[in-house]
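What's in input.pdb: PDB, C-alpha atoms and all ligand atoms
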```
ATOM      1  CA  MET A 226    -185.795 -14.066 103.137
ATOM      2  CA  ARG A 227    -183.178 -15.974 101.233
ATOM      3  CA  LEU A 228    -181.001 -18.957 102.159
ATOM      4  CA  LYS A 229    -177.442 -17.800 101.698
ATOM      5  CA  ARG A 230    -175.797 -21.108 100.832
ATOM      6  CA  LYS A 231    -174.946 -23.083  97.734
ATOM      7  CA  ASP A 232    -175.512 -26.573  99.168
ATOM      8  CA  LEU A 233    -177.650 -28.458 101.691
ATOM      9  CA  LEU A 234    -175.361 -31.064 103.232
ATOM     10  CA  GLY A 235    -176.691 -31.602 106.742
ATOM     11  CA  LEU A 236    -178.522 -30.161 109.697
ATOM     12  CA  ALA A 237    -175.279 -29.970 111.668
ATOM     13  CA  ASP A 238    -174.406 -26.778 109.836
ATOM     14  CA  LEU A 239    -177.836 -25.105 109.602
ATOM     15  CA  THR A 240    -178.849 -22.407 112.069
ATOM     16  CA  PRO A 241    -182.279 -22.483 113.768
ATOM     17  CA  GLU A 242    -183.202 -19.449 111.622
ATOM     18  CA  GLU A 243    -182.307 -21.302 108.421
ATOM     19  CA  ILE A 244    -184.331 -24.338 109.556
ATOM     20  CA  THR A 245    -187.316 -22.089 110.296
ATOM     21  CA  LEU A 246    -186.976 -20.422 106.891
ATOM     22  CA  ILE A 247    -187.057 -23.811 105.136
ATOM     23  CA  LEU A 248    -190.043 -25.008 107.206
ATOM     24  CA  ASP A 249    -192.001 -21.781 106.645
ATOM     25  CA  THR A 250    -191.281 -21.929 102.913
ATOM     26  CA  ALA A 251    -192.378 -25.587 102.795
ATOM     27  CA  ALA A 252    -195.581 -24.755 104.692
ATOM     28  CA  SER A 253    -196.430 -22.047 102.177
ATOM     29  CA  LEU A 254    -195.655 -24.296  99.175
ATOM     30  CA  LYS A 255    -197.769 -27.186 100.473
ATOM     31  CA  GLU A 256    -200.970 -25.781  99.056
ATOM     32  CA  ILE A 257    -199.653 -26.150  95.471
ATOM     33  CA  SER A 258    -199.898 -29.944  95.804
ATOM     34  CA  THR A 259    -203.635 -29.698  96.508
ATOM     35  CA  ARG A 260    -204.491 -27.615  93.419
ATOM     36  CA  PRO A 261    -206.166 -29.202  90.389
ATOM     37  CA  ILE A 262    -203.121 -28.040  88.378
ATOM     38  CA  LYS A 263    -200.189 -28.833  90.642
ATOM     39  CA  LYS A 264    -197.568 -26.647  89.036
ATOM     40  CA  VAL A 265    -196.063 -23.174  89.371
ATOM     41  CA  PRO A 266    -193.531 -21.648  86.957
ATOM     42  CA  THR A 267    -191.066 -20.606  89.699
ATOM     43  CA  LEU A 268    -188.075 -22.704  88.587
ATOM     44  CA  ARG A 269    -188.745 -22.760  84.848
ATOM     45  CA  GLY A 270    -185.484 -23.150  82.938
ATOM     46  CA  LYS A 271    -183.569 -24.713  85.871
ATOM     47  CA  THR A 272    -182.173 -28.241  85.625
ATOM     48  CA  VAL A 273    -182.002 -30.631  88.570
ATOM     49  CA  VAL A 274    -180.009 -33.884  88.281
ATOM     50  CA  THR A 275    -180.612 -36.719  90.745
ATOM     51  CA  LEU A 276    -177.890 -39.278  91.299
ATOM     52  CA  PHE A 277    -178.841 -42.224  93.546
ATOM     53  CA  TYR A 278    -176.152 -44.799  94.378
ATOM     54  CA  GLU A 279    -178.452 -46.478  96.923
ATOM     55  CA  PRO A 280    -182.065 -47.624  96.659
ATOM     56  CA  SER A 281    -184.789 -45.103  97.403
ATOM     57  CA  THR A 282    -188.552 -44.905  97.071
ATOM     58  CA  ARG A 283    -189.770 -41.817  98.923
ATOM     59  CA  THR A 284    -186.751 -39.499  98.667
ATOM     60  CA  ARG A 285    -186.173 -39.979  94.978
ATOM     61  CA  MET A 286    -189.850 -39.812  93.978
ATOM     62  CA  SER A 287    -190.510 -36.765  96.083
ATOM     63  CA  PHE A 288    -187.469 -34.874  94.740
ATOM     64  CA  GLU A 289    -188.708 -35.630  91.241
ATOM     65  CA  ILE A 290    -192.284 -34.588  92.024
ATOM     66  CA  ALA A 291    -191.038 -31.440  93.805
ATOM     67  CA  THR A 292    -188.924 -30.490  90.786
ATOM     68  CA  LYS A 293    -191.843 -30.954  88.403
ATOM     69  CA  ARG A 294    -194.255 -28.969  90.615
ATOM     70  CA  LEU A 295    -191.849 -26.032  90.403
ATOM     71  CA  SER A 296    -191.513 -26.463  86.579
ATOM     72  CA  ALA A 297    -187.770 -27.228  86.630
ATOM     73  CA  ASP A 298    -186.443 -29.961  84.355
ATOM     74  CA  THR A 299    -185.307 -33.107  86.106
ATOM     75  CA  VAL A 300    -182.984 -35.848  84.935
ATOM     76  CA  ASN A 301    -182.456 -39.022  86.956
ATOM     77  CA  LEU A 302    -179.295 -41.017  86.574
ATOM     78  CA  THR A 303    -179.934 -44.639  87.488
ATOM     79  CA  VAL A 304    -176.532 -45.624  88.777
ATOM     80  CA  ALA A 305    -177.027 -49.349  88.158
ATOM     81  CA  ALA A 306    -177.420 -48.510  84.444
ATOM     82  CA  SER A 307    -174.606 -45.918  84.335
ATOM     83  CA  SER A 308    -170.859 -45.938  83.735
ATOM     84  CA  ALA A 309    -170.323 -46.243  87.501
ATOM     85  CA  VAL A 310    -170.645 -49.998  86.980
ATOM     86  CA  LYS A 311    -167.775 -49.756  84.447
ATOM     87  CA  GLY A 312    -165.539 -48.274  87.138
ATOM     88  CA  GLU A 313    -166.032 -44.537  86.670
ATOM     89  CA  THR A 314    -165.243 -42.683  89.899
ATOM     90  CA  LEU A 315    -167.785 -40.487  91.669
ATOM     91  CA  ALA A 316    -165.666 -37.402  90.951
ATOM     92  CA  ASP A 317    -165.529 -38.212  87.221
ATOM     93  CA  THR A 318    -169.245 -38.974  86.989
ATOM     94  CA  ALA A 319    -170.060 -35.703  88.746
ATOM     95  CA  ALA A 320    -167.616 -33.651  86.632
ATOM     96  CA  ASN A 321    -169.219 -35.062  83.484
ATOM     97  CA  LEU A 322    -172.701 -34.286  84.732
ATOM     98  CA  GLU A 323    -171.585 -30.776  85.625
ATOM     99  CA  ALA A 324    -170.273 -30.250  82.089
ATOM    100  CA  MET A 325    -173.953 -30.474  81.047
ATOM    101  CA  ASN A 326    -174.574 -27.429  83.268
ATOM    102  CA  PRO A 327    -177.255 -28.459  85.796
ATOM    103  CA  ASP A 328    -178.274 -25.988  88.507
ATOM    104  CA  LEU A 329    -178.631 -28.516  91.319
ATOM    105  CA  LEU A 330    -177.364 -32.041  91.925
ATOM    106  CA  VAL A 331    -179.216 -34.303  94.374
ATOM    107  CA  ILE A 332    -177.057 -37.192  95.539
ATOM    108  CA  ARG A 333    -177.537 -40.294  97.696
ATOM    109  CA  HIS A 334    -174.402 -42.318  98.291
ATOM    110  CA  GLN A 335    -173.317 -45.176 100.535
ATOM    111  CA  ALA A 336    -170.171 -43.272 101.605
ATOM    112  CA  SER A 337    -170.585 -40.741 104.412
ATOM    113  CA  GLY A 338    -169.199 -37.424 103.144
ATOM    114  CA  ALA A 339    -169.744 -38.073  99.409
ATOM    115  CA  PRO A 340    -172.006 -34.998  98.963
ATOM    116  CA  HIS A 341    -169.462 -32.814 100.810
ATOM    117  CA  PHE A 342    -166.719 -34.076  98.497
ATOM    118  CA  LEU A 343    -168.790 -33.069  95.460
ATOM    119  CA  ALA A 344    -169.911 -29.744  96.944
ATOM    120  CA  ARG A 345    -166.254 -28.690  97.220
ATOM    121  CA  ARG A 346    -165.564 -29.567  93.590
ATOM    122  CA  LEU A 347    -168.693 -28.520  91.710
ATOM    123  CA  ALA A 348    -170.031 -25.069  90.949
ATOM    124  CA  CYS A 349    -173.649 -26.255  91.001
ATOM    125  CA  GLY A 350    -175.537 -26.622  94.283
ATOM    126  CA  VAL A 351    -175.392 -30.063  95.932
ATOM    127  CA  ILE A 352    -178.222 -31.533  98.023
ATOM    128  CA  ASN A 353    -177.513 -34.494 100.284
ATOM    129  CA  ALA A 354    -180.277 -37.096  99.872
ATOM    130  CA  GLY A 355    -178.614 -39.448 102.395
ATOM    131  CA  ASP A 356    -174.892 -40.181 102.794
ATOM    132  CA  GLY A 357    -173.983 -43.502 104.408
ATOM    133  CA  THR A 358    -174.631 -43.390 108.145
ATOM    134  CA  HIS A 359    -174.032 -39.645 108.323
ATOM    135  CA  GLU A 360    -176.969 -37.320 107.491
ATOM    136  CA  HIS A 361    -180.282 -37.202 105.641
ATOM    137  CA  PRO A 362    -181.170 -33.515 105.958
ATOM    138  CA  THR A 363    -184.372 -33.354 103.901
ATOM    139  CA  GLN A 364    -185.790 -36.284 105.923
ATOM    140  CA  ALA A 365    -185.153 -34.456 109.201
ATOM    141  CA  LEU A 366    -186.648 -31.248 107.775
ATOM    142  CA  LEU A 367    -189.826 -33.067 106.752
ATOM    143  CA  ASP A 368    -189.929 -34.685 110.201
ATOM    144  CA  LEU A 369    -189.604 -31.272 111.865
ATOM    145  CA  LEU A 370    -192.387 -29.877 109.668
ATOM    146  CA  THR A 371    -194.652 -32.828 110.536
ATOM    147  CA  VAL A 372    -194.046 -32.394 114.273
ATOM    148  CA  ARG A 373    -194.516 -28.620 114.085
ATOM    149  CA  GLU A 374    -197.861 -29.147 112.354
ATOM    150  CA  ALA A 375    -199.018 -31.761 114.865
ATOM    151  CA  LYS A 376    -197.789 -30.058 118.038
ATOM    152  CA  GLY A 377    -197.812 -26.395 117.008
ATOM    153  CA  THR A 378    -194.223 -25.956 118.211
ATOM    154  CA  LEU A 379    -190.789 -27.557 118.140
ATOM    155  CA  SER A 380    -189.637 -26.375 121.521
ATOM    156  CA  GLY A 381    -190.082 -28.080 124.870
ATOM    157  CA  LEU A 382    -191.084 -31.451 123.396
ATOM    158  CA  LYS A 383    -189.752 -34.863 124.412
ATOM    159  CA  VAL A 384    -188.754 -36.681 121.228
ATOM    160  CA  ALA A 385    -187.901 -40.396 121.482
ATOM    161  CA  ILE A 386    -185.965 -41.930 118.582
ATOM    162  CA  VAL A 387    -185.824 -45.709 118.852
ATOM    163  CA  GLY A 388    -183.889 -48.524 117.211
ATOM    164  CA  ASP A 389    -180.763 -48.719 115.104
ATOM    165  CA  ILE A 390    -179.382 -45.281 115.967
ATOM    166  CA  LEU A 391    -175.817 -46.259 115.075
ATOM    167  CA  HIS A 392    -176.474 -46.785 111.378
ATOM    168  CA  SER A 393    -179.191 -44.166 111.003
ATOM    169  CA  ARG A 394    -178.511 -40.971 109.080
ATOM    170  CA  VAL A 395    -182.142 -40.071 109.832
ATOM    171  CA  ALA A 396    -181.465 -40.192 113.582
ATOM    172  CA  ARG A 397    -178.279 -38.127 113.280
ATOM    173  CA  SER A 398    -179.960 -35.361 111.261
ATOM    174  CA  ASN A 399    -182.958 -35.348 113.607
ATOM    175  CA  VAL A 400    -180.760 -35.097 116.705
ATOM    176  CA  HIS A 401    -179.220 -31.920 115.289
ATOM    177  CA  GLY A 402    -182.598 -30.582 114.147
ATOM    178  CA  PHE A 403    -184.684 -31.190 117.278
ATOM    179  CA  LEU A 404    -181.927 -30.026 119.650
ATOM    180  CA  LYS A 405    -181.393 -26.835 117.648
ATOM    181  CA  MET A 406    -185.128 -26.125 117.728
ATOM    182  CA  GLY A 407    -185.320 -26.543 121.512
ATOM    183  CA  SER A 408    -186.655 -30.073 122.055
ATOM    184  CA  GLU A 409    -185.277 -32.817 124.280
ATOM    185  CA  VAL A 410    -184.086 -35.883 122.358
ATOM    186  CA  TRP A 411    -183.946 -39.391 123.827
ATOM    187  CA  LEU A 412    -182.266 -42.156 121.854
ATOM    188  CA  ALA A 413    -183.179 -45.745 122.774
ATOM    189  CA  GLY A 414    -181.835 -49.031 121.498
ATOM    190  CA  PRO A 415    -179.488 -51.898 122.302
ATOM    191  CA  ALA A 416    -176.147 -50.680 123.746
ATOM    192  CA  THR A 417    -174.431 -51.877 120.553
ATOM    193  CA  MET A 418    -176.482 -49.397 118.534
ATOM    194  CA  LEU A 419    -176.114 -46.270 120.687
ATOM    195  CA  PRO A 420    -173.160 -44.151 119.510
ATOM    196  CA  PRO A 421    -171.805 -42.239 122.555
ATOM    197  CA  GLY A 422    -170.881 -39.259 120.336
ATOM    198  CA  LEU A 423    -174.533 -38.238 120.170
ATOM    199  CA  ALA A 424    -174.635 -37.694 123.948
ATOM    200  CA  ALA A 425    -171.953 -35.038 123.497
ATOM    201  CA  LEU A 426    -174.414 -33.136 121.277
ATOM    202  CA  GLY A 427    -176.949 -33.108 124.110
ATOM    203  CA  ALA A 428    -179.107 -36.178 123.329
ATOM    204  CA  ARG A 429    -179.987 -38.607 126.159
ATOM    205  CA  LEU A 430    -179.039 -42.242 125.508
ATOM    206  CA  THR A 431    -180.817 -45.194 127.113
ATOM    207  CA  THR A 432    -181.168 -48.919 126.581
ATOM    208  CA  SER A 433    -184.631 -48.752 128.155
ATOM    209  CA  LEU A 434    -187.510 -48.295 125.711
ATOM    210  CA  ARG A 435    -189.757 -47.467 128.663
ATOM    211  CA  GLU A 436    -187.500 -44.655 129.874
ATOM    212  CA  ALA A 437    -187.378 -43.091 126.414
ATOM    213  CA  LEU A 438    -191.116 -43.373 125.802
ATOM    214  CA  THR A 439    -192.369 -42.239 129.202
ATOM    215  CA  GLY A 440    -193.901 -38.792 128.725
ATOM    216  CA  ALA A 441    -192.782 -38.595 125.069
ATOM    217  CA  ASP A 442    -194.643 -36.250 122.698
ATOM    218  CA  VAL A 443    -193.070 -37.789 119.609
ATOM    219  CA  VAL A 444    -192.038 -41.413 119.025
ATOM    220  CA  MET A 445    -189.872 -42.002 115.973
ATOM    221  CA  MET A 446    -189.130 -45.635 115.112
ATOM    222  CA  LEU A 447    -186.182 -46.652 112.935
ATOM    223  CA  ARG A 448    -185.568 -49.627 110.685
ATOM    224  CA  LEU A 449    -182.724 -52.035 111.484
ATOM    225  CA  GLN A 450    -180.229 -51.191 108.725
ATOM    226  CA  LEU A 451    -179.276 -54.816 108.120
ATOM    227  CA  GLU A 452    -177.478 -53.833 104.890
ATOM    228  CA  ARG A 453    -174.965 -51.779 106.906
ATOM    229  CA  MET A 454    -174.291 -54.377 109.618
ATOM    230  CA  GLY A 455    -171.053 -56.284 109.300
ATOM    231  CA  GLN A 456    -171.411 -58.108 112.635
ATOM    232  CA  HIS A 457    -173.997 -59.093 115.208
ATOM    233  CA  PHE A 458    -175.646 -56.193 116.984
ATOM    234  CA  PHE A 459    -178.532 -58.113 118.590
ATOM    235  CA  SER A 460    -179.319 -61.781 119.207
ATOM    236  CA  THR A 461    -182.502 -62.463 117.220
ATOM    237  CA  LEU A 462    -185.047 -60.355 115.395
ATOM    238  CA  ARG A 463    -187.715 -61.778 117.691
ATOM    239  CA  GLU A 464    -185.895 -60.679 120.795
ATOM    240  CA  TYR A 465    -185.130 -57.259 119.294
ATOM    241  CA  SER A 466    -188.766 -56.804 118.473
ATOM    242  CA  ARG A 467    -189.863 -57.890 121.944
ATOM    243  CA  THR A 468    -187.461 -55.437 123.623
ATOM    244  CA  TYR A 469    -187.617 -52.436 121.288
ATOM    245  CA  GLY A 470    -190.755 -52.861 119.181
ATOM    246  CA  LEU A 471    -193.539 -50.284 119.283
ATOM    247  CA  ASN A 472    -196.956 -51.846 119.839
ATOM    248  CA  PRO A 473    -200.156 -50.634 121.534
ATOM    249  CA  ASP A 474    -198.801 -51.685 124.963
ATOM    250  CA  THR A 475    -195.415 -49.953 124.696
ATOM    251  CA  LEU A 476    -196.965 -46.868 123.050
ATOM    252  CA  ALA A 477    -199.122 -46.523 126.188
ATOM    253  CA  TRP A 478    -195.944 -45.354 128.029
ATOM    254  CA  ALA A 479    -195.866 -42.196 125.887
ATOM    255  CA  LYS A 480    -198.210 -39.216 126.314
ATOM    256  CA  GLU A 481    -201.802 -39.884 125.315
ATOM    257  CA  ASP A 482    -201.482 -37.519 122.356
ATOM    258  CA  ALA A 483    -198.011 -38.677 121.282
ATOM    259  CA  ILE A 484    -197.543 -39.018 117.545
ATOM    260  CA  VAL A 485    -195.837 -41.993 115.894
ATOM    261  CA  MET A 486    -193.319 -41.453 113.087
ATOM    262  CA  HIS A 487    -191.182 -43.645 110.841
ATOM    263  CA  PRO A 488    -189.006 -42.547 107.885
ATOM    264  CA  GLY A 489    -189.782 -45.743 105.945
ATOM    265  CA  PRO A 490    -189.319 -48.342 104.679
ATOM    266  CA  LEU A 491    -191.239 -50.088 107.485
ATOM    267  CA  ASN A 492    -190.330 -53.515 108.715
ATOM    268  CA  ARG A 493    -193.804 -54.364 109.921
ATOM    269  CA  GLY A 494    -193.765 -56.660 112.927
ATOM    270  CA  VAL A 495    -190.088 -55.928 113.690
ATOM    271  CA  GLU A 496    -189.716 -52.355 114.953
ATOM    272  CA  ILE A 497    -193.372 -51.436 114.578
ATOM    273  CA  ASP A 498    -196.627 -53.320 114.967
ATOM    274  CA  PRO A 499    -199.109 -52.718 112.118
ATOM    275  CA  ALA A 500    -201.761 -51.741 114.693
ATOM    276  CA  VAL A 501    -199.589 -48.732 115.557
ATOM    277  CA  ALA A 502    -198.205 -48.002 112.083
ATOM    278  CA  ASP A 503    -201.726 -47.801 110.661
ATOM    279  CA  GLY A 504    -203.356 -46.479 113.843
ATOM    280  CA  PRO A 505    -204.822 -43.059 114.618
ATOM    281  CA  ARG A 506    -201.613 -41.674 116.144
ATOM    282  CA  SER A 507    -199.448 -42.499 113.144
ATOM    283  CA  VAL A 508    -198.332 -39.532 111.006
ATOM    284  CA  ILE A 509    -196.203 -41.685 108.724
ATOM    285  CA  LEU A 510    -198.058 -40.731 105.549
ATOM    286  CA  GLU A 511    -198.155 -37.051 106.564
ATOM    287  CA  GLN A 512    -194.351 -37.301 106.694
ATOM    288  CA  VAL A 513    -194.350 -38.500 103.093
ATOM    289  CA  ALA A 514    -196.679 -35.689 101.972
ATOM    290  CA  ASN A 515    -194.504 -33.139 103.763
ATOM    291  CA  GLY A 516    -191.465 -34.586 101.994
ATOM    292  CA  VAL A 517    -192.663 -33.095  98.717
ATOM    293  CA  ALA A 518    -193.215 -29.647 100.271
ATOM    294  CA  VAL A 519    -189.849 -29.638 102.049
ATOM    295  CA  ARG A 520    -187.996 -30.654  98.888
ATOM    296  CA  MET A 521    -189.817 -27.959  96.915
ATOM    297  CA  ALA A 522    -188.678 -25.448  99.553
ATOM    298  CA  VAL A 523    -185.069 -26.631  99.442
ATOM    299  CA  LEU A 524    -184.956 -26.552  95.622
ATOM    300  CA  LEU A 525    -186.472 -23.082  95.581
ATOM    301  CA  LEU A 526    -184.261 -21.602  98.314
ATOM    302  CA  LEU A 527    -181.028 -23.087  96.945
ATOM    303  CA  SER A 528    -181.935 -21.655  93.539
ATOM    304  CA  GLY A 529    -181.887 -18.202  95.106
ATOM    305  CA  GLY A 530    -185.672 -17.937  95.524
ATOM    306  CA  GLU A 531    -187.432 -16.273  98.439
TER     307      GLU A 531
HETATM  308  N1  LIG B   1    -185.159 -44.170 104.099
HETATM  309  C1  LIG B   1    -184.283 -43.809 105.182
HETATM  310  C2  LIG B   1    -182.863 -43.656 104.685
HETATM  311  O1  LIG B   1    -182.616 -43.714 103.497
HETATM  312  C3  LIG B   1    -184.374 -44.733 106.339
HETATM  313  C4  LIG B   1    -184.118 -46.187 106.074
HETATM  314  O2  LIG B   1    -183.644 -46.563 105.001
HETATM  315  O3  LIG B   1    -184.392 -46.979 106.985
HETATM  316  O4  LIG B   1    -181.970 -43.446 105.486
END
```

Output the structure of this file as structure tokens.
Ligand code: ASP
Amino acid sequence: MRLKRKDLLGLADLTPEEITLILDTAASLKEISTRPIKKVPTLRGKTVVTLFYEPSTRTRMSFEIATKRLSADTVNLTVAASSAVKGETLADTAANLEAMNPDLLVIRHQASGAPHFLARRLACGVINAGDGTHEHPTQALLDLLTVREAKGTLSGLKVAIVGDILHSRVARSNVHGFLKMGSEVWLAGPATMLPPGLAALGARLTTSLREALTGADVVMMLRLQLERMGQHFFSTLREYSRTYGLNPDTLAWAKEDAIVMHPGPLNRGVEIDPAVADGPRSVILEQVANGVAVRMAVLLLLSGGE
């Protein structure tokens, strides 16, 4: 099967069938990363440009590794060292990059909608690697793959997403993804960080960590996005951590076999206690490993592969 689209901008516009196609493709590509020679010629001759206007460790590295494992050429533009700091607009930077004829452009930008803006203007495929507080589709896809592997299904689960929902593109993409695949999604955090719009999509909102975690199969903790906060959303970090932090005692509210997830970077001791982050129920590093497979799948499918 093929993915009949030019761009990957968000999970809001993917169908459950398209999500399943990406996850199945990622599952079948995973084995390549365990071979002694971790490379297949599938995308030889293709060029992938990555353009990151915001910091990134996992997303950027795994896109680069994914590109190399498929034998495509990859070029990374470090925005801090580019003409963007001389005042070049995003549209001009992208038009200039496109003149060099890449096949795919991977972009992370602080403005929600930046990848959509480029996708309308450029002939090459555009992949959203995180746009402001809007969406982070490849993160949600790797989260879905990790849950599907751990639980054997994506339907009928109770998924609790906890913390700074308001500023989280990870939460927004996961709400779309888990609801489309038939799970129940609970969002927990301080009232100031619970955007009511997500209830309209079908997610349950609560200020009670206990209510969200009780009977949960999946517990996904989020970082406080302090860099996106213009005003006070909670009183002190200590109080936030006491009310919304995941530790062995609060994790006991979830099902005995609940898995613990986090997109990273972790703020150890704030939203998650190291005993849980490094404990037996944590799948945080499996998420990172699956990130490579999911990005390989997205690069392959958007290049017209099957
Ligand atoms: N790495 C994720 C993102 O870029 C989550 C985070 O930064 O907290 O959205």

Any chance you could work out the axis-aligned box around ligand LIG 1 (chain B), listed atoms only, 4 Å on each side, giving centre and edge lengths in Å to one decimal, as JSON?
```
{"center_x": -183.6, "center_y": -45.2, "center_z": 105.2, "size_x": 11.2, "size_y": 11.5, "size_z": 11.5}
```

*asked:* When you look at Met418 of chain A with a cut-off of 7 Å (counting all atoms listed in the file), what residues show up, excluding the ones that are within fewer than 6 positions of it in the same chain? I need them as a count of residues only.
replied: 3

*Could you state which residues are captured by the PyMOL selection byres (((chain A and resi 521) around 9) and not hetatm) in this file, as a list in words?*
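Applied to this file, the PyMOL selection byres (((chain A and resi 521) around 9) and not hetatm) selects Thr250, Ala251, Leu254, Lys255, Ser287, Phe288, Ile290, Ala291, Thr292, Arg294, Leu295, Gly516, Val517, Ala518, Val519, Arg520, Ala522, Val523, Leu524, Leu525 and Leu526 of chain A.
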
*Kindly provide, as a VMD selection string, all nucleotide and amino acid residues lying within 6 Å of ligand LIG 1 (chain B), counting all atoms listed in the file.*
chain A and resid 355 394 to 395 448 488 to 490

Could you expand the PyMOL selection byres (((chain A and resi 297) around 12) and not hetatm) into the explicit residues it covers here, written as a tab-separated table (two decimals) with C-alpha atoms, in the frame of the given file?
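Output below, filename expr.tsv:
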```tsv
chain	number	residue	atom	x	y	z
A	264	LYS	CA	-197.57	-26.65	89.04
A	265	VAL	CA	-196.06	-23.17	89.37
A	266	PRO	CA	-193.53	-21.65	86.96
A	267	THR	CA	-191.07	-20.61	89.70
A	268	LEU	CA	-188.08	-22.70	88.59
A	269	ARG	CA	-188.74	-22.76	84.85
A	270	GLY	CA	-185.48	-23.15	82.94
A	271	LYS	CA	-183.57	-24.71	85.87
A	272	THR	CA	-182.17	-28.24	85.62
A	273	VAL	CA	-182.00	-30.63	88.57
A	274	VAL	CA	-180.01	-33.88	88.28
A	288	PHE	CA	-187.47	-34.87	94.74
A	289	GLU	CA	-188.71	-35.63	91.24
A	290	ILE	CA	-192.28	-34.59	92.02
A	291	ALA	CA	-191.04	-31.44	93.80
A	292	THR	CA	-188.92	-30.49	90.79
A	293	LYS	CA	-191.84	-30.95	88.40
A	294	ARG	CA	-194.26	-28.97	90.62
A	295	LEU	CA	-191.85	-26.03	90.40
A	296	SER	CA	-191.51	-26.46	86.58
A	298	ASP	CA	-186.44	-29.96	84.36
A	299	THR	CA	-185.31	-33.11	86.11
A	300	VAL	CA	-182.98	-35.85	84.94
A	327	PRO	CA	-177.26	-28.46	85.80
A	328	ASP	CA	-178.27	-25.99	88.51
A	329	LEU	CA	-178.63	-28.52	91.32
A	521	MET	CA	-189.82	-27.96	96.92
A	524	LEU	CA	-184.96	-26.55	95.62
A	525	LEU	CA	-186.47	-23.08	95.58
A	528	SER	CA	-181.94	-21.66	93.54
```

Residue rebuild result segment 428-445 of chain A, N, CA and C atoms as a short mmCIF file (atom, residue, chain, number, x, y, z; two decimals), in the frame of the given file:
```cif
data_model
loop_
_atom_site.label_atom_id
_atom_site.label_comp_id
_atom_site.auth_asym_id
_atom_site.auth_seq_id
_atom_site.Cartn_x
_atom_site.Cartn_y
_atom_site.Cartn_z
N ALA A 428 -178.03 -35.18 123.32
CA ALA A 428 -179.11 -36.18 123.33
C ALA A 428 -178.93 -37.08 124.54
N ARG A 429 -180.04 -37.67 125.04
CA ARG A 429 -179.99 -38.61 126.16
C ARG A 429 -180.03 -40.01 125.58
N LEU A 430 -179.11 -40.87 126.02
CA LEU A 430 -179.04 -42.24 125.51
C LEU A 430 -179.55 -43.21 126.57
N THR A 431 -180.36 -44.19 126.15
CA THR A 431 -180.82 -45.19 127.11
C THR A 431 -181.05 -46.52 126.40
N THR A 432 -180.84 -47.61 127.15
CA THR A 432 -181.17 -48.92 126.58
C THR A 432 -182.60 -49.30 126.95
N SER A 433 -183.28 -48.44 127.71
CA SER A 433 -184.63 -48.75 128.16
C SER A 433 -185.67 -48.06 127.28
N LEU A 434 -186.44 -48.86 126.56
CA LEU A 434 -187.51 -48.30 125.71
C LEU A 434 -188.49 -47.52 126.59
N ARG A 435 -188.77 -48.09 127.77
CA ARG A 435 -189.76 -47.47 128.66
C ARG A 435 -189.30 -46.07 129.10
N GLU A 436 -188.00 -45.96 129.43
CA GLU A 436 -187.50 -44.66 129.87
C GLU A 436 -187.63 -43.61 128.75
N ALA A 437 -187.31 -44.04 127.54
CA ALA A 437 -187.38 -43.09 126.41
C ALA A 437 -188.82 -42.70 126.10
N LEU A 438 -189.73 -43.66 126.21
CA LEU A 438 -191.12 -43.37 125.80
C LEU A 438 -191.94 -42.67 126.87
N THR A 439 -191.55 -42.83 128.13
CA THR A 439 -192.37 -42.24 129.20
C THR A 439 -192.46 -40.72 129.03
N GLY A 440 -193.67 -40.24 128.87
CA GLY A 440 -193.90 -38.79 128.72
C GLY A 440 -193.51 -38.23 127.36
N ALA A 441 -193.22 -39.10 126.39
CA ALA A 441 -192.78 -38.60 125.07
C ALA A 441 -193.96 -37.98 124.30
N ASP A 442 -193.67 -36.88 123.58
CA ASP A 442 -194.64 -36.25 122.70
C ASP A 442 -194.55 -36.82 121.30
N VAL A 443 -193.34 -37.30 120.97
CA VAL A 443 -193.07 -37.79 119.61
C VAL A 443 -192.29 -39.10 119.74
N VAL A 444 -192.75 -40.13 119.02
CA VAL A 444 -192.04 -41.41 119.02
C VAL A 444 -191.65 -41.72 117.58
N MET A 445 -190.35 -41.74 117.33
CA MET A 445 -189.87 -42.00 115.97
C MET A 445 -189.16 -43.36 115.95
#
```
